[in-house]
file protein-v7.txt (compact mmCIF, C-alpha atoms)
# COMPACT_ATOMS: atom_id res chain seq x y z
CA MET A 17 0.00 0.00 0.00
CA ASN A 18 2.88 2.31 0.89
CA THR A 19 4.81 1.68 -2.34
CA LEU A 20 1.68 2.34 -4.37
CA SER A 21 1.12 5.63 -2.50
CA ILE A 22 4.73 6.70 -3.01
CA TRP A 23 4.55 6.02 -6.75
CA ALA A 24 1.18 7.73 -7.24
CA ILE A 25 2.60 11.25 -7.69
CA PRO A 26 5.57 10.42 -9.95
CA LEU A 27 3.43 8.10 -12.07
CA PHE A 28 0.75 10.75 -12.38
CA ILE A 29 3.31 13.40 -13.39
CA LEU A 30 5.01 11.15 -15.96
CA ALA A 31 1.72 9.86 -17.36
CA VAL A 32 0.31 13.37 -17.79
CA LEU A 33 3.52 14.63 -19.44
CA ALA A 34 3.70 11.62 -21.78
CA TYR A 35 0.02 11.83 -22.68
CA GLY A 36 0.28 15.58 -23.29
CA GLU A 37 3.30 15.10 -25.55
CA TYR A 38 1.52 12.27 -27.41
CA LYS A 39 -1.52 14.52 -28.00
CA GLY A 40 0.69 17.32 -29.31
CA VAL A 41 0.24 19.67 -26.35
CA LYS A 42 2.97 22.28 -25.81
CA VAL A 43 3.66 20.87 -22.35
CA TYR A 44 5.98 23.61 -21.07
CA GLU A 45 3.87 26.60 -22.11
CA THR A 46 0.65 24.94 -20.96
CA PHE A 47 2.23 24.15 -17.61
CA ILE A 48 3.24 27.82 -17.11
CA GLN A 49 -0.30 28.99 -17.88
CA GLY A 50 -1.90 26.51 -15.50
CA ALA A 51 0.57 27.22 -12.71
CA GLY A 52 -0.21 30.94 -13.02
CA THR A 53 -3.88 30.42 -12.35
CA GLY A 54 -3.02 27.80 -9.71
CA LEU A 55 -1.21 30.45 -7.64
CA LYS A 56 -4.64 31.83 -6.86
CA THR A 57 -5.73 28.61 -5.12
CA GLY A 58 -3.14 28.98 -2.37
CA PHE A 59 -4.05 32.57 -1.71
CA GLU A 60 -7.75 31.72 -1.73
CA LEU A 61 -7.10 29.35 1.18
CA LEU A 62 -5.43 32.11 3.23
CA PRO A 63 -8.66 33.63 4.66
CA TYR A 64 -9.72 30.15 5.81
CA PHE A 65 -6.39 29.54 7.52
CA LEU A 66 -6.65 32.95 9.22
CA ALA A 67 -10.15 32.18 10.48
CA ILE A 68 -9.45 28.64 11.67
CA PHE A 69 -5.92 29.11 13.04
CA GLY A 70 -7.11 32.24 14.89
CA ALA A 71 -10.19 30.64 16.43
CA LEU A 72 -8.21 27.51 17.33
CA ALA A 73 -5.40 29.55 18.88
CA VAL A 74 -7.93 31.18 21.21
CA PHE A 75 -9.76 27.95 21.92
CA LYS A 76 -6.58 25.99 22.63
CA THR A 77 -4.44 28.49 24.51
CA SER A 78 -7.27 29.45 26.82
CA GLY A 79 -7.61 25.84 27.94
CA ALA A 80 -11.10 25.45 26.48
CA LEU A 81 -9.96 22.67 24.12
CA ASN A 82 -8.54 20.68 27.03
CA PHE A 83 -11.86 21.03 28.76
CA PHE A 84 -13.72 19.89 25.64
CA CYS A 85 -11.37 16.92 25.24
CA ARG A 86 -11.88 15.92 28.87
CA VAL A 87 -15.65 15.97 28.38
CA ALA A 88 -15.44 14.11 25.06
CA ALA A 89 -12.82 11.58 26.24
CA PRO A 90 -15.17 8.95 27.77
CA PHE A 91 -17.32 8.99 24.63
CA ALA A 92 -14.27 8.84 22.35
CA ASN A 93 -12.67 6.07 24.42
CA LEU A 94 -15.85 4.05 24.12
CA LEU A 95 -15.48 4.14 20.34
CA ARG A 96 -11.69 3.78 20.65
CA ILE A 97 -10.90 6.98 18.79
CA PRO A 98 -8.45 9.67 19.97
CA GLU A 99 -10.48 12.57 21.39
CA GLU A 100 -8.27 15.17 19.62
CA ILE A 101 -9.69 14.03 16.28
CA LEU A 102 -13.36 14.60 17.20
CA PRO A 103 -13.50 18.34 16.37
CA LEU A 104 -12.17 17.58 12.86
CA GLY A 105 -14.92 14.99 12.33
CA LEU A 106 -17.52 17.54 13.40
CA ILE A 107 -16.25 20.31 11.13
CA LYS A 108 -15.61 18.13 8.06
CA PRO A 109 -19.20 18.05 6.63
CA LEU A 110 -19.56 21.82 7.20
CA SER A 111 -16.46 23.37 5.67
CA GLY A 112 -13.89 21.84 3.34
CA SER A 113 -11.28 24.58 3.62
CA GLY A 114 -12.05 24.90 7.33
CA SER A 115 -11.29 21.23 7.87
CA ILE A 116 -8.02 21.62 5.92
CA GLY A 117 -7.16 24.32 8.48
CA PHE A 118 -8.10 22.01 11.37
CA MET A 119 -6.06 19.20 9.90
CA ALA A 120 -3.07 21.51 9.35
CA ASP A 121 -3.29 22.60 12.98
CA LEU A 122 -3.43 19.00 14.22
CA ILE A 123 -0.50 17.78 12.14
CA GLN A 124 1.67 20.74 13.10
CA LYS A 125 1.13 19.87 16.75
CA HIS A 126 1.36 16.07 16.59
CA GLY A 127 3.54 15.64 13.47
CA PRO A 128 2.29 14.81 9.96
CA ASP A 129 3.60 11.23 10.10
CA SER A 130 2.31 10.40 13.59
CA PRO A 131 -0.78 8.16 13.78
CA LEU A 132 -2.93 11.18 14.68
CA GLY A 133 -1.43 13.20 11.81
CA ILE A 134 -2.13 10.40 9.33
CA MET A 135 -5.65 9.96 10.66
CA ALA A 136 -6.33 13.70 10.32
CA SER A 137 -4.98 13.69 6.74
CA ILE A 138 -7.23 10.78 5.77
CA ILE A 139 -10.32 12.35 7.33
CA ALA A 140 -9.68 15.73 5.66
CA GLY A 141 -9.17 14.06 2.26
CA GLY A 142 -11.60 11.18 2.52
CA SER A 143 -14.91 12.85 1.65
CA GLU A 144 -16.51 15.92 0.11
CA THR A 145 -18.03 18.76 2.12
CA THR A 146 -21.63 17.56 2.42
CA PHE A 147 -23.40 20.81 3.31
CA TYR A 148 -21.45 22.90 0.80
CA VAL A 149 -22.01 20.50 -2.12
CA LEU A 150 -25.68 20.01 -1.33
CA SER A 151 -26.42 23.72 -1.02
CA VAL A 152 -24.60 24.61 -4.26
CA TYR A 153 -25.77 21.64 -6.35
CA LEU A 154 -29.39 21.56 -5.18
CA GLY A 155 -29.58 25.34 -5.42
CA ALA A 156 -28.37 25.19 -9.03
CA ALA A 157 -31.23 22.88 -10.01
CA LYS A 158 -33.75 24.81 -7.84
CA ILE A 159 -34.55 21.72 -5.79
CA THR A 160 -36.71 22.64 -2.81
CA ARG A 161 -37.29 19.12 -1.44
CA PRO A 162 -33.95 17.36 -0.84
CA LYS A 163 -35.66 14.35 0.83
CA HIS A 164 -33.05 12.04 2.40
CA LEU A 165 -29.95 13.61 0.85
CA VAL A 166 -28.60 15.32 3.99
CA GLY A 167 -28.88 12.06 5.93
CA MET A 168 -27.30 10.16 3.04
CA GLY A 169 -24.34 12.58 2.91
CA LEU A 170 -23.79 12.56 6.66
CA LEU A 171 -23.90 8.77 6.80
CA GLY A 172 -21.21 8.74 4.10
CA ASP A 173 -19.13 11.20 6.18
CA LEU A 174 -19.56 9.08 9.30
CA THR A 175 -18.49 5.94 7.43
CA ALA A 176 -15.43 7.74 6.03
CA PHE A 177 -14.56 9.02 9.52
CA PHE A 178 -14.60 5.56 11.09
CA MET A 179 -12.85 4.07 8.09
CA ALA A 180 -10.01 6.60 8.54
CA VAL A 181 -9.68 5.64 12.21
CA LEU A 182 -9.72 1.92 11.40
CA ILE A 183 -7.26 2.14 8.50
CA THR A 184 -4.79 4.08 10.64
CA ARG A 185 -5.04 1.46 13.35
CA TRP A 186 -5.08 -1.64 11.13
CA PHE A 187 -2.02 -0.77 9.14
CA GLN A 188 -0.28 0.87 12.09
CA ILE A 189 0.91 3.55 9.75
CA GLY A 190 2.87 6.40 11.19
CA MET N 167 -23.92 27.23 5.54
CA ALA N 168 -25.18 28.53 8.83
CA PRO N 169 -23.74 26.06 11.39
CA ILE N 170 -20.14 27.05 10.64
CA ASN N 171 -20.92 30.66 11.62
CA ARG N 172 -22.14 29.61 15.06
CA ILE N 173 -19.25 27.23 15.65
CA TRP N 174 -16.65 29.82 14.67
CA LEU N 175 -18.23 32.42 16.95
CA ALA N 176 -18.47 29.91 19.80
CA LEU N 177 -14.74 29.07 19.56
CA PHE N 178 -13.85 32.73 20.25
CA PHE N 179 -16.42 33.30 23.00
CA LEU N 180 -15.92 30.00 24.83
CA GLY N 181 -12.16 30.48 24.48
CA TYR N 182 -12.12 33.91 26.07
CA VAL N 183 -14.62 32.94 28.79
CA VAL N 184 -12.31 30.09 29.82
CA ALA N 185 -9.27 32.38 29.44
CA GLY N 186 -10.90 34.92 31.76
CA ALA N 187 -11.76 32.23 34.31
CA THR N 188 -8.25 30.75 34.31
CA GLY N 189 -6.33 34.02 34.01
CA ARG N 190 -4.84 33.28 30.60
CA VAL N 191 -6.22 36.26 28.67
CA GLU N 192 -2.86 37.77 27.76
CA GLU N 193 -1.37 34.46 26.55
CA THR N 194 -4.50 33.72 24.52
CA THR N 195 -4.31 37.07 22.74
CA LEU N 196 -0.60 36.53 22.03
CA ALA N 197 -1.42 33.12 20.52
CA LEU N 198 -4.16 34.71 18.40
CA LEU N 199 -1.72 37.34 17.10
CA ALA N 200 0.90 34.67 16.34
CA SER N 201 -1.67 32.58 14.46
CA MET N 202 -2.11 35.38 11.92
CA GLU N 203 1.53 35.22 10.85
CA ASP N 204 1.37 31.40 10.86
CA SER N 205 -1.63 31.46 8.52
CA VAL N 206 0.14 33.61 5.95
CA LYS N 207 3.34 31.51 6.12
CA PHE N 208 1.35 28.34 5.79
CA ALA N 209 -0.74 29.52 2.85
CA ILE N 210 2.39 30.69 1.02
CA GLY N 211 4.11 27.41 1.87
CA ILE N 212 1.50 25.26 0.17
CA THR N 213 0.98 27.62 -2.78
CA GLY N 214 4.05 26.35 -4.60
CA PHE N 215 2.82 22.77 -4.67
CA LEU N 216 -0.72 23.78 -5.59
CA ALA N 217 0.52 25.95 -8.46
CA PHE N 218 2.77 23.17 -9.77
CA TRP N 219 -0.12 20.75 -9.62
CA SER N 220 -2.46 23.14 -11.48
CA GLY N 221 0.18 23.47 -14.18
CA LEU N 222 0.26 19.71 -14.57
CA LEU N 223 -3.52 19.42 -14.55
CA ARG N 224 -3.73 22.07 -17.27
CA ILE N 225 -1.62 19.81 -19.49
CA ALA N 226 -3.95 16.89 -18.70
CA GLU N 227 -6.99 19.01 -19.52
CA THR N 228 -5.57 20.37 -22.78
CA ALA N 229 -4.62 16.85 -23.88
CA GLY N 230 -8.23 15.74 -23.34
CA LEU N 231 -7.62 13.45 -20.38
CA THR N 232 -10.95 14.45 -18.80
CA GLN N 233 -12.85 13.16 -21.84
CA LYS N 234 -10.74 10.02 -21.89
CA ILE N 235 -11.56 9.24 -18.25
CA ALA N 236 -15.20 10.11 -18.90
CA ARG N 237 -15.28 7.49 -21.71
CA ALA N 238 -13.76 4.90 -19.37
CA LEU N 239 -16.39 5.65 -16.70
CA HIS N 240 -19.30 5.48 -19.14
CA PRO N 241 -20.03 1.70 -18.99
CA LEU N 242 -20.06 1.72 -15.18
CA LEU N 243 -22.26 4.80 -14.98
CA ARG N 244 -24.79 3.42 -17.46
CA ARG N 245 -25.57 0.72 -14.90
CA LEU N 246 -25.96 3.21 -12.07
CA PHE N 247 -28.33 5.34 -14.18
CA PRO N 248 -30.41 2.74 -16.05
CA ARG N 249 -33.23 5.18 -16.88
CA LEU N 250 -30.98 7.65 -18.72
CA PRO N 251 -30.38 6.84 -22.42
CA ALA N 252 -26.71 6.09 -23.18
CA ASP N 253 -26.33 9.15 -25.42
CA SER N 254 -28.40 11.58 -23.33
CA PRO N 255 -26.91 14.98 -22.43
CA ALA N 256 -27.62 14.25 -18.76
CA LEU N 257 -25.48 11.09 -18.72
CA GLY N 258 -22.79 12.91 -20.71
CA ALA N 259 -22.71 15.71 -18.12
CA ILE N 260 -22.56 13.19 -15.26
CA THR N 261 -19.55 11.34 -16.70
CA LEU N 262 -17.63 14.54 -17.50
CA SER N 263 -18.32 15.98 -14.05
CA LEU N 264 -17.22 12.81 -12.26
CA ALA N 265 -14.08 12.62 -14.42
CA ALA N 266 -13.18 16.20 -13.42
CA ASN N 267 -13.69 15.32 -9.75
CA LEU N 268 -11.60 12.17 -10.11
CA LEU N 269 -8.74 14.18 -11.61
CA GLY N 270 -9.10 16.82 -8.90
CA LEU N 271 -9.86 19.70 -11.30
CA SER N 272 -11.41 21.82 -8.57
CA HIS N 273 -12.03 24.90 -10.73
CA ALA N 274 -13.79 22.84 -13.43
CA ALA N 275 -15.66 20.46 -11.12
CA THR N 276 -18.19 22.90 -9.67
CA PRO N 277 -19.38 24.44 -13.00
CA LEU N 278 -19.65 20.94 -14.49
CA GLY N 279 -21.60 19.81 -11.43
CA ILE N 280 -24.04 22.70 -11.74
CA LYS N 281 -24.53 21.92 -15.42
CA THR N 282 -25.15 18.26 -14.57
CA MET N 283 -27.78 19.14 -11.97
CA ARG N 284 -29.60 21.37 -14.48
CA GLU N 285 -29.56 18.60 -17.10
CA LEU N 286 -30.95 16.18 -14.52
CA GLU N 287 -33.67 18.63 -13.55
CA LYS N 288 -34.74 18.82 -17.24
CA VAL N 289 -35.48 15.08 -17.25
CA ASN N 290 -36.87 15.10 -13.70
CA ALA N 291 -40.44 13.71 -13.56
CA THR N 292 -41.05 15.60 -10.31
CA PRO N 293 -39.54 19.11 -10.74
CA GLY N 294 -38.36 20.69 -7.51
CA VAL N 295 -38.11 17.32 -5.78
CA VAL N 296 -34.87 15.32 -5.81
CA SER N 297 -34.97 12.54 -8.41
CA ASP N 298 -33.34 9.10 -8.06
CA GLU N 299 -30.72 10.07 -10.63
CA MET N 300 -29.79 13.20 -8.66
CA ALA N 301 -29.50 11.21 -5.45
CA VAL N 302 -27.18 8.65 -7.05
CA TYR N 303 -25.10 11.37 -8.73
CA LEU N 304 -24.77 13.34 -5.48
CA ALA N 305 -23.83 10.20 -3.55
CA LEU N 306 -20.93 9.75 -6.00
CA ILE N 307 -19.87 13.42 -5.70
CA LEU N 308 -20.18 13.51 -1.89
CA GLY N 309 -18.03 10.37 -1.61
CA GLY N 310 -15.21 12.57 -2.87
CA ILE N 311 -13.13 9.92 -4.65
CA SER N 312 -10.12 11.56 -6.33
CA LEU N 313 -6.89 10.15 -7.72
CA VAL N 314 -4.50 12.58 -6.04
CA PRO N 315 -5.64 14.67 -3.04
CA SER N 316 -3.24 17.50 -3.87
CA THR N 317 -4.18 19.97 -1.09
CA ILE N 318 -3.73 17.32 1.61
CA ILE N 319 -0.31 16.42 0.22
CA ALA N 320 0.70 20.08 0.03
CA VAL N 321 -0.30 20.67 3.66
CA ARG N 322 1.50 17.51 4.81
CA SER N 323 4.77 18.36 3.08
CA GLN N 324 4.60 21.94 4.36
CA ALA N 325 4.27 20.54 7.90
CA GLY N 326 7.54 18.63 7.38
CA SER N 327 6.27 15.16 6.48
CA VAL N 328 8.91 12.76 5.17
CA ARG N 329 6.21 10.74 3.41
CA PRO N 330 3.56 13.26 2.35
CA SER N 331 1.98 10.99 -0.26
CA MET N 332 1.62 7.88 1.90
CA VAL N 333 -2.01 8.80 2.57
CA ILE N 334 -3.12 8.58 -1.08
CA ILE N 335 -4.23 4.93 -1.05
CA PRO N 336 -5.78 5.10 2.46
CA ILE N 337 -7.75 8.18 1.33
CA LEU N 338 -8.88 6.32 -1.80
CA ILE N 339 -10.09 3.38 0.31
CA THR N 340 -11.79 5.66 2.84
CA ALA N 341 -13.57 7.65 0.13
CA SER N 342 -14.71 4.45 -1.59
CA PHE N 343 -16.30 3.20 1.62
CA GLY N 344 -17.97 6.59 2.21
CA THR N 345 -19.32 6.57 -1.36
CA ALA N 346 -20.59 3.00 -0.99
CA ALA N 347 -22.29 3.89 2.30
CA ALA N 348 -24.06 6.88 0.71
CA LEU N 349 -25.17 4.80 -2.30
CA LEU N 350 -26.44 1.96 -0.09
CA THR N 351 -28.33 4.44 2.09
CA HIS N 352 -30.07 5.79 -0.99
CA PHE N 353 -31.00 2.38 -2.39
CA PHE N 354 -32.19 1.19 1.01
CA ILE N 355 -34.42 4.25 1.54
CA LYS N 356 -35.75 3.98 -2.00
CA LYS N 357 -36.67 0.34 -1.44
CA THR N 358 -38.41 0.93 1.89
CA ARG N 359 -40.39 3.82 0.38
CA LYS N 360 -41.57 1.59 -2.47
CA GLU N 361 -42.63 -1.12 -0.08
CA ARG N 362 -44.57 1.33 2.05
CA LYS N 363 -46.49 2.45 -1.03
CA LYS N 364 -47.60 -1.09 -1.87

call {"tool": "encode", "arguments": {"input": "protein-v7.txt", "output": "structure tokens"}}
result
Amino acid sequence: MNTLSIWAIPLFILAVLAYGEYKGVKVYETFIQGAGTGLKTGFELLPYFLAIFGALAVFKTSGALNFFCRVAAPFANLLRIPEEILPLGLIKPLSGSGSIGFMADLIQKHGPDSPLGIMASIIAGGSETTFYVLSVYLGAAKITRPKHLVGMGLLGDLTAFFMAVLITRWFQIG
Amino acid sequence: MAPINRIWLALFFLGYVVAGATGRVEETTLALLASMEDSVKFAIGITGFLAFWSGLLRIAETAGLTQKIARALHPLLRRLFPRLPADSPALGAITLSLAANLLGLSHAATPLGIKTMRELEKVNATPGVVSDEMAVYLALILGGISLVPSTIIAVRSQAGSVRPSMVIIPILITASFGTAAALLTHFFIKKTRKERKK
């Protein structure tokens, strides 16, 4: 599993370059153009980092997070998940960029390659942002009765959350 | 969405209430001020990777890789959407949109998704109410399966990971399970509704 993960990026890069060349794309010039517009993506994430890092700095330094973790610990222990990961699971369906901020905060504190860091990475990457997608997509089609879709999305998020916890434990990665 | 507003607000208020009670107001404010510089450093740190990746994805797009993946997905999707004709614009939009998501073309994915939803609404027998096709399509989108989760990798390498890409396969597995759970939920609810009507 690890070897496959390590090769994913180089294989993707080489495959895209080879396919582009084969299709007669000017690979260098096209790359420059795409990278230019891609610069925007990083800066677009900045307001989210400001909002999340700021709120978390207050919540953590004050001692409120410790308090929350102490309250959540029995519940988390029952399900055998680390209590530090719970806030990320709660925020994930609500805000995609926000959960990237949460995950970044967690992995800076615990280390990106620690079990908790790996778990956070998998949770942040393992599903789409349910409420955002539903509001944009259903709004676009002027759907007023979403029926069971919110429940369906949240059940998917919950499954992904537990799957991330299990995978991290099963493979003892980190 | 509304809930995020409340949560964000609560983090500040609960934080400072606890800070006041424990006498850590000054430290908390210092941490808040430090977080602002951290945010900027962090955003700049991951921008390089994200820009490189967009450059690469632009090559993939120009070469027509999205269409290629869409063609590969077509046989599978025909089974998931049995009521849509194989050459219908709705099914075409679904495959293209899912291919863009799979490749991680974030700027293209949302417009394609909106187009898909409008096509599905055109063939919706109950306008304004979610159709089966929409539910299946949204289950696939919400599952969030993508080949390379570039933002996650960028954040991990910025945080000093020695193996930033080791999470790719675990993320793929996790997303597949989430997608399957959403799909099963839909089919289960659809079945129970039908039985209730009988």

call {"tool": "residues_around", "arguments": {"input": "protein-v7.txt", "residues": "stretch 233-248 of chain N", "least_positions_apart": "2", "cutoff": "6 Å", "atoms": "all atoms listed in the file", "output": "JSON, numbers by chain"}}
result
{"N": [230, 231, 250, 261, 262, 265]}

call {"tool": "write_last_selection", "arguments": {"input": "protein-v7.txt", "atoms": "C-alpha atoms", "output": "short mmCIF file (atom, residue, chain, number, x, y, z; two decimals), keeping the file's coordinate frame"}}
result
data_model
loop_
_atom_site.label_atom_id
_atom_site.label_comp_id
_atom_site.auth_asym_id
_atom_site.auth_seq_id
_atom_site.Cartn_x
_atom_site.Cartn_y
_atom_site.Cartn_z
CA GLY N 230 -8.23 15.74 -23.34
CA LEU N 231 -7.62 13.45 -20.38
CA LEU N 250 -30.98 7.65 -18.72
CA THR N 261 -19.55 11.34 -16.70
CA LEU N 262 -17.63 14.54 -17.50
CA ALA N 265 -14.08 12.62 -14.42
#

call {"tool": "interface_residues", "arguments": {"input": "protein-v7.txt", "of": "chain N", "to": "chain A", "cutoff": "6 Å", "atoms": "all atoms listed in the file", "output": "compact mmCIF listing (two decimals) with C-alpha atoms, in the coordinates of the input"}}
result
# COMPACT_ATOMS: atom_id res chain seq x y z
CA LEU N 177 -14.74 29.07 19.56
CA PHE N 178 -13.85 32.73 20.25
CA GLY N 181 -12.16 30.48 24.48
CA VAL N 184 -12.31 30.09 29.82
CA ALA N 185 -9.27 32.38 29.44
CA ARG N 190 -4.84 33.28 30.60
CA THR N 194 -4.50 33.72 24.52
CA ALA N 197 -1.42 33.12 20.52
CA LEU N 198 -4.16 34.71 18.40
CA SER N 201 -1.67 32.58 14.46
CA MET N 202 -2.11 35.38 11.92
CA SER N 205 -1.63 31.46 8.52
CA ALA N 209 -0.74 29.52 2.85
CA THR N 213 0.98 27.62 -2.78
CA ALA N 217 0.52 25.95 -8.46
CA PHE N 218 2.77 23.17 -9.77
CA SER N 220 -2.46 23.14 -11.48
CA GLY N 221 0.18 23.47 -14.18
CA LEU N 222 0.26 19.71 -14.57
CA ARG N 224 -3.73 22.07 -17.27
CA ILE N 225 -1.62 19.81 -19.49
CA ALA N 226 -3.95 16.89 -18.70
CA ALA N 229 -4.62 16.85 -23.88
CA ILE N 280 -24.04 22.70 -11.74
CA MET N 283 -27.78 19.14 -11.97
CA ARG N 284 -29.60 21.37 -14.48
CA GLY N 294 -38.36 20.69 -7.51
CA VAL N 295 -38.11 17.32 -5.78
CA VAL N 296 -34.87 15.32 -5.81
CA LEU N 308 -20.18 13.51 -1.89
CA GLY N 309 -18.03 10.37 -1.61
CA GLY N 310 -15.21 12.57 -2.87
CA ARG N 322 1.50 17.51 4.81
CA ALA N 325 4.27 20.54 7.90
CA SER N 327 6.27 15.16 6.48
CA SER N 331 1.98 10.99 -0.26
CA MET N 332 1.62 7.88 1.90
CA ILE N 334 -3.12 8.58 -1.08
CA ILE N 335 -4.23 4.93 -1.05
CA ILE N 337 -7.75 8.18 1.33
CA THR N 340 -11.79 5.66 2.84
CA ALA N 341 -13.57 7.65 0.13
CA GLY N 344 -17.97 6.59 2.21
CA ALA N 347 -22.29 3.89 2.30
CA ALA N 348 -24.06 6.88 0.71
CA THR N 351 -28.33 4.44 2.09

call {"tool": "atom_distance", "arguments": {"input": "protein-v7.txt", "atom1": "atom CA of A:Ala88", "atom2": "atom CA of N:Ile318"}}
result
26.4 Å

call {"tool": "atom_distance", "arguments": {"input": "protein-v7.txt", "atom1": "atom CA of N:Glu361", "atom2": "atom CA of N:Leu349"}}
result
18.6 Å

call {"tool": "axis_aligned_box", "arguments": {"input": "protein-v7.txt", "around": "stretch 192-210 of chain N", "padding_each_side": "6 Å", "output": "AutoDock Vina command-line options"}}
result
--center_x -0.6 --center_y 33.1 --center_z 14.4 --size_x 19.8 --size_y 21.4 --size_z 38.7

call {"tool": "atom_distance", "arguments": {"input": "protein-v7.txt", "atom1": "atom CA of A:Cys85", "atom2": "atom CA of N:Asp204"}}
result
24.1 Å
